[in-house]
Structure formats: structure tokens, C-alpha cells
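Here's the structure, in C-alpha cells; my notes come after.
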Amino acid sequence: MFWNVLLLALREIRRNVMRSSLTILGIVIGVSAVITMVTLGGGATEQVSAEISSLGSNLLHVRPGQRGRGPGGTRSTADMFKMGDAEAISREISGLAAVAPVASQAVQAISGNQNWSTAVIGSTNAYLQVRDWPLEDGRRFTNGELRAGKTVCIIGSTVRKELFSNRNPLGDSIRLGKLSCQVVGVLESKGQSGFGSDQDDFVLLPLRAVQRRIAGNTDIGGIYISAQDGISTEKVKKNIERLMRELRRIAPGQDDDFHVNDMQELVSAMTGTTRVLTGLLGAVAAVSLLVGGIGIMNIMLVSVTERTREIGIRLAIGALARDVLMQFLVEAVVLSSFGGVIGIILGLAAAVVGARLLSVPFVLNPGIVAVAFVFSAAVGVVFGYFPARQAARLDPIEALRHE
């Protein structure tokens with residue numbers, strides 16, 4: 001029985017191919033738009049998460065001054081950290097994988113006839129661990145170089161490209177302002193961060209070398225901390241805040257003159273934002289599904305009017321009202337399902353092209369594809385029911401008189 005109804009529905013669709021195509025256009029546009037927007041949004045969310053995660057594993061960053069407030073993001077001035085602060089964190093806080101004190105300064109790097117404005121970062125080998133940054137070539141600093149503050153350096157891939165082009169820089173010397181240092185290592189490229197800055201544009205030196213030979217003080221501008229796997233960064237953050245308040249002698253009730261950034265919180269905040277935007281775009285795109293459903297209802301009402309005499313003949317020779325109801329309902333569902341299938345194909349194709357143009361990963365979400373198809377079929381049921389019920393309620397005698 002059902003197959004006969006389905007064949008009748010397909011026959012009617014074939015008899016009016018152009019009208020059927022225009023009818024399902026709204027469904028096609030709606031389904032393809034939803035799939036495209038949600039897929040691109042998922043790719044953007046994954047990219048943001050990956051870029052922030054590239055800053056380091058289980059990373060926390062302690063900086064002097066209050067957290068930025070207001071549109072300008074300004075921070076109040078505060079005393080810089082000292083090496084004792086980093087040593088106290090490493091000694092007193094449990095569950096840490098590495099602690100890397102950092103001092104940085106902008107300099108002009110020169111090698112032969114090439115020069116490049118970059119940043120010098122003074123730290124220890126722990127900096128490479130907390131930032132999860134492997135070497136592409138060369139070696140790390142030795143303990144003797146770190147203790148003595150030797151003028152050796154590890155360069156990022158951007159500095160290597162600008163100063164040495166395709167030449168191997170290991171063993172060569174570069175000048176950082178008035179300081180000359182020997183290149184002992186080259187870092188793997190990480191590319192741009194989620195904030196648009198070039199992560200590879202810096203030169204890493206032993207902390208004491210930067211403090212003595214470039215900065216001229218013992219200040220530390222920040223402390224990078226990596227928590228062990230399985231340890232809650234939120235708990236570590238609270239312990240660090242409590243310890244820093246003691247070290248900096250901040251009385252109860254006074255505001256902190258430092259702040260601790262938890263990269264896990266940043267990942268959650270930014271991915272949450274992209275998911276909300278994706279949901280909003282998907283909801284806007286889904287409106288066209290409703291428009292497509294109204295189009296289906298309109299065309300089915302026209303079809304009922306055109307086929308009134310046919311319906312009267314079927315009812316007169318013994319067809320039941322539910323058979324007529326089923327016929328028109330199946331036609332509406334078939335139309336919307338065709339639109340759903342075509343919309344899925346076009347949506348996935350558009351998502352692939354869009355992902356390449358926007359340089360985001362293509363993340364296939366089978367769930368949204370299934371939901372889009374089911375929703376398109378549901379649109380056919382909802383908007384096709386009224387015309388189908390109207391056809392089933394026709395009086396056979398009146399229908400036969402219809403011209």
C-alpha cells in the first residue's frame with residue numbers, strides 16, 4: 001500500500017518537475033545554509049582552541065599589575081617580580097610540571113647585512129617546556145650557560161628567515177643591540193597565535209644574560225607555569241594567588257597587584273563565544289526552512305485544487321479518506337526530503353570551499369547533517385498535513401462536479 005502511494009507521489013512530482021524544483025528551493029537553501037554555517041563555526045571553534053592550546057600545555061601566566069579593565073585594557077603599575085618569586089612558586093606549590101621566569105625587551109637583531117626588529121626573551125629551558133615548544137635544530141642551554149648568563153641564544157623561525165634566509169644559523173653570531181650572541185638552536189614554527197601575533201618572532205637567551213647585559217636589572221616581567229597532567233589548573237591558580245599575596249605582603253581586603261591568567265579559562269571563553277555565534281547563524285539560516293515549508297504548503301493547496309476531480313473519482317470508487325490523506329502527505333514529505341538531500345550535498349560542498357577560503361579546518365558534524373535531514377522531512381509533514389487533510393475531506397459528489 002505504502003509503495004503504491006509513494007509511486008503515485010513520485011509520478012505527480014515528475015509531471016510538474018519545474019514547479020516541484022521551485023517548491024523545494026526554500027528547503028534546499030535552508031538546509032545547505034544551516035550545514036554550512038554550523039560546519040564552518042565548528043571549524044573556527046576548533047582552530048581557536050588549537051591556537052590557544054599552542055601557547056602551552058596546562059599553562060598559567062603570572063604578571064604584575066591588575067588585570068586589564070575598561071575598553072583600553074590598561075593595568076595599574078606594580079612592582080616587578082624577582083627571581084625569588086619564581087623559586088617560591090616552584091618550591092611551595094604542588095602539582096607543577098615547570099616554572100619559567102621571563103624577562104623580555106624589544107631589540108634590533110643584526111646578522112651581516114640583514115637586520116630585524118624583534119623581541120628578546122630571557123628565561124630558562126623550562127620556558128620551552130611550559131610553552132610545549134620543541135627544537136627544530138640545535139640544542140637547549142646547558143646548566144653552565146644558564147648559571148653564568150652566557151651570551152648564547154635560540155631563535156624563532158621568523159628570526160631565522162629574516163636574518164639567515166635558507167642558511168643554517170647554528171654556530172653563527174647575531175647582534176642584539178650592542179650584545180653579540182651565538183646561535184645554538186632553532187625552534188619549530190608555531191605560526192600566528194589566536195590573537196594575531198607572530199609566535200615565532202623572538203630570540204631566547206638565558207635569563208641572567210638578558211638581565212645583566214640588556215635590561216640592566218634583575219626584574220622579571222612574568223612567570224609561566226605549567227601544571228602536571230590531571231591537576232586542576234583552577235586549583236593551582238588559587239594556590240598561586242594565595243602565595244603571591246603573601247610574598248607581596250598584600251593585606252586582607254586590598255586588591256591584588258598581580259594577576260594570574262589561566263589559558264584553560266581563555267579556551268573555554270573563546271570557544272564558548274564561537275559556539276554562540278555559530279548557533280545564532282544556524283538559527284538565522286533555519287528561518288529559510290520555515291519559508292520553504294510555507295512554499296510546500298502553498299503548492300500542495302494548489303495541487304489539491306487542480307486535482308479535485310481526480311480525488312472525487314478515487315473516493316467514489318472506494319478509496320478511503322485516509323488513503324487520500326496519505327497520498328498528499330507523502331508527496332509533501334518526498335518534496336521536502338529531496339530538498340533536504342540536495343541541501344546536505346550543497347551545504348557540505350559549500351563548507352569545504354568556505355573552510356579553504358577562511359583557512360579553518362573542515363569539521364564534519366554528522367549530528368547536524370542528520371538533524372537537518374530529519375527537520376526537512378518534518379517540515380513536509382507539518383506543512384503538508386493541512387492540504388492533505390483538506391483533500392481527504394472533499395465531498396466525492398462535489399469533487400466530481402468540479403471542472
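Chain identifiers are assigned as A, B, and so on, following the order in which chains appear in the C-alpha cells; residues are numbered from 1 within each chain, and ligands are numbered from 1 in order of appearance.
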Review point. If we count only C-alpha atoms, what is near Asp137 (chain A) at a cut-off of 7 Å, once residues fewer than 6 positions away on the same chain are taken out, given as a list of chain:residue names?
Key: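 Near neighbours after the sequence-gap exclusion: A:Gly185, A:Val186, A:Leu187.
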Practice item. Could you give me, as a list in words, the residues within 9 Å of Cys181 (chain A), counting only C-alpha atoms and dropping anything in the same chain fewer than 3 positions from it? Key: Lys150, Thr151, Val152, Cys153, Asp172, Ser173, Ile174, Arg175, Leu176 and Leu205 of chain A
Residues just named, written with C-alpha atoms as an mmCIF file, in the first residue's frame:
```cif
data_model
loop_
_atom_site.group_PDB
_atom_site.id
_atom_site.type_symbol
_atom_site.label_atom_id
_atom_site.label_comp_id
_atom_site.auth_asym_id
_atom_site.auth_seq_id
_atom_site.Cartn_x
_atom_site.Cartn_y
_atom_site.Cartn_z
ATOM 1 C CA LYS A 150 76.384 33.164 28.704
ATOM 2 C CA THR A 151 75.510 35.044 25.534
ATOM 3 C CA VAL A 152 74.065 32.119 23.577
ATOM 4 C CA CYS A 153 70.622 32.154 22.009
ATOM 5 C CA ASP A 172 76.761 31.945 13.701
ATOM 6 C CA SER A 173 76.542 35.064 15.826
ATOM 7 C CA ILE A 174 73.870 37.743 15.789
ATOM 8 C CA ARG A 175 73.982 41.180 17.392
ATOM 9 C CA LEU A 176 71.143 42.204 19.688
ATOM 10 C CA LEU A 205 68.561 33.901 25.852
#
```
Check your understanding: What's the 6 Å shell around Gly347 (chain A), counting only C-alpha atoms, without same-chain residues fewer than 5 positions away, as a PyMOL selection string?
Key -> chain A and resi 32+35-36
Practice item. Select from region 26-137 of chain A everything DSSP, run on the backbone, classes as strand (DSSP E or B), then give the selection as a PyMOL selection string. Key: chain A and resi 59-64+69+74+81+96-111+114-123+135-137
Review point. Could you name the residues that touch Ile24 (chain A) at 7 Å or less, counting only C-alpha atoms, but leaving out those on the same chain fewer than 3 positions away, as a ChimeraX atom specification?
Key: /A:20-21,27-28,292,335-336,339
File dump, residues just selected, N, CA and C atoms, as a PDB file, in the first residue's frame:
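Output file out.pdb is given in full below:
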```pdb
ATOM      1  N   SER A  20       7.914  21.556  -8.924  1.00  0.00           N
ATOM      2  CA  SER A  20       8.452  20.832  -7.767  1.00  0.00           C
ATOM      3  C   SER A  20       9.830  21.351  -7.388  1.00  0.00           C
ATOM      4  N   SER A  21      10.662  21.656  -8.412  1.00  0.00           N
ATOM      5  CA  SER A  21      12.013  22.168  -8.148  1.00  0.00           C
ATOM      6  C   SER A  21      11.959  23.506  -7.422  1.00  0.00           C
ATOM      7  N   ILE A  27      13.675  24.745   0.916  1.00  0.00           N
ATOM      8  CA  ILE A  27      14.247  23.702   1.766  1.00  0.00           C
ATOM      9  C   ILE A  27      15.730  23.535   1.472  1.00  0.00           C
ATOM     10  N   VAL A  28      16.084  23.528   0.192  1.00  0.00           N
ATOM     11  CA  VAL A  28      17.486  23.367  -0.216  1.00  0.00           C
ATOM     12  C   VAL A  28      18.349  24.481   0.387  1.00  0.00           C
ATOM     13  N   GLY A 292      10.577  27.683   3.260  1.00  0.00           N
ATOM     14  CA  GLY A 292      10.405  26.564   2.330  1.00  0.00           C
ATOM     15  C   GLY A 292       9.182  25.734   2.662  1.00  0.00           C
ATOM     16  N   LEU A 335       8.847  15.726  -1.334  1.00  0.00           N
ATOM     17  CA  LEU A 335       9.400  17.001  -1.808  1.00  0.00           C
ATOM     18  C   LEU A 335      10.405  17.573  -0.819  1.00  0.00           C
ATOM     19  N   SER A 336      10.025  17.636   0.448  1.00  0.00           N
ATOM     20  CA  SER A 336      10.923  18.220   1.445  1.00  0.00           C
ATOM     21  C   SER A 336      12.158  17.344   1.662  1.00  0.00           C
ATOM     22  N   GLY A 339      14.543  17.985  -1.083  1.00  0.00           N
ATOM     23  CA  GLY A 339      15.199  19.260  -0.776  1.00  0.00           C
ATOM     24  C   GLY A 339      16.259  19.095   0.297  1.00  0.00           C
TER      25      GLY A 339
END
```
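For the residues A:Ala103, A:Ala370, A:Val62, A:Val38, ranking by smallest atom-to-atom distance to Gly216 (chain A) using only C-alpha atoms places A:Ala103 first.
Interatomic distance, CA of Gln114 (chain A) against CA of Gln199 (chain A): 20.6 Å.
Ranking A:Ala227, A:Val287, A:Lys190, A:Gly112 by their shortest atom-to-atom distance to Phe164 (chain A), with only C-alpha atoms included, puts A:Gly112 first.
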Review point. When distances are computed from only C-alpha atoms, which of A:Gln47, A:Thr233, A:Asn168, A:Asn125 shows the smallest separation from Ser94 (chain A)?
Key: A:Thr233
Review point. Between A:Gly42, A:Gly367, A:Gly222, A:Gly279, which has the minimum distance to His259 (chain A) (counting only C-alpha atoms)?
Key: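 Comparing A:Gly42, A:Gly367, A:Gly222, A:Gly279 against His259 (chain A), the winner is A:Gly222.
Distances here use only C-alpha atoms; by that measure, the residue among A:Ala378, A:Ile223, A:Leu163, A:Val107 closest to Val130 (chain A) is A:Ile223.
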So which residues touch Arg242 (chain A) within 12 Å, counting only C-alpha atoms, skipping near sequence neighbours fewer than 3 positions away, as a tab-separated table (two decimals) with C-alpha atoms, in the first residue's frame?
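Final file, part12.tsv:
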```
chain	number	residue	atom	x	y	z
A	89	ILE	CA	56.19	29.17	43.42
A	92	GLU	CA	55.68	25.90	47.63
A	93	ILE	CA	53.04	24.98	45.00
A	235	LYS	CA	43.20	24.86	41.99
A	236	VAL	CA	46.79	25.71	41.05
A	237	LYS	CA	45.72	29.25	40.18
A	238	LYS	CA	44.11	29.77	43.60
A	239	ASN	CA	47.23	28.45	45.37
A	245	ARG	CA	49.63	37.80	48.18
A	246	GLU	CA	51.88	36.57	51.00
A	247	LEU	CA	55.09	37.25	49.08
A	248	ARG	CA	53.99	40.75	48.09
A	249	ARG	CA	52.58	41.49	51.55
A	250	ILE	CA	49.07	42.36	50.40
A	251	ALA	CA	46.79	42.94	53.38
A	252	PRO	CA	43.33	41.31	53.55
A	256	ASP	CA	45.96	42.19	44.11
A	258	PHE	CA	49.28	40.98	40.09
A	259	HIS	CA	47.06	38.70	38.03
A	260	VAL	CA	47.12	35.04	37.00
```
Exercise for review: Could you give me the residues within region 150-227 of chain A that DSSP places in alpha helix (DSSP H), as a ChimeraX atom specification?
Suggested key: /A:157-164,207-210
Exercise for review: Have a look at A:Asn16, A:Ser359, A:Ser226, A:Thr158 and name the one nearest to Ala109 (chain A); count only C-alpha atoms.
Suggested key: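 Using only C-alpha atoms, the shortest distance to Ala109 (chain A) belongs to A:Thr158.
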List the spatial neighbours of Asn143 (chain A) as a PDB file with C-alpha atoms, in the first residue's frame - criterion: any atom at most 12 Å away, only C-alpha atoms, same-chain residues fewer than 2 positions off excluded.
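File produced: selection39.pdb:
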```pdb
ATOM      1  CA  THR A 124      65.441  29.021  31.273  1.00  0.00           C
ATOM      2  CA  ASN A 125      64.931  25.726  29.481  1.00  0.00           C
ATOM      3  CA  ALA A 126      61.668  25.461  31.403  1.00  0.00           C
ATOM      4  CA  ARG A 140      68.969  23.774  24.607  1.00  0.00           C
ATOM      5  CA  PHE A 141      71.017  25.821  27.055  1.00  0.00           C
ATOM      6  CA  GLU A 145      75.339  28.706  30.376  1.00  0.00           C
ATOM      7  CA  LEU A 146      72.251  29.416  32.468  1.00  0.00           C
ATOM      8  CA  ARG A 147      74.205  29.941  35.706  1.00  0.00           C
ATOM      9  CA  ALA A 148      76.849  32.135  34.101  1.00  0.00           C
ATOM     10  CA  GLY A 149      74.469  34.060  31.865  1.00  0.00           C
ATOM     11  CA  LYS A 150      76.384  33.164  28.704  1.00  0.00           C
ATOM     12  CA  PRO A 206      69.497  32.735  29.357  1.00  0.00           C
ATOM     13  CA  LEU A 207      67.629  34.876  31.890  1.00  0.00           C
TER      14      LEU A 207
END
```
Exercise for review: Would you mind reading off the distance between CA of Arg212 (chain A) and CA of Ile225 (chain A), one decimal, in Å?
Suggested key: 23.6 Å
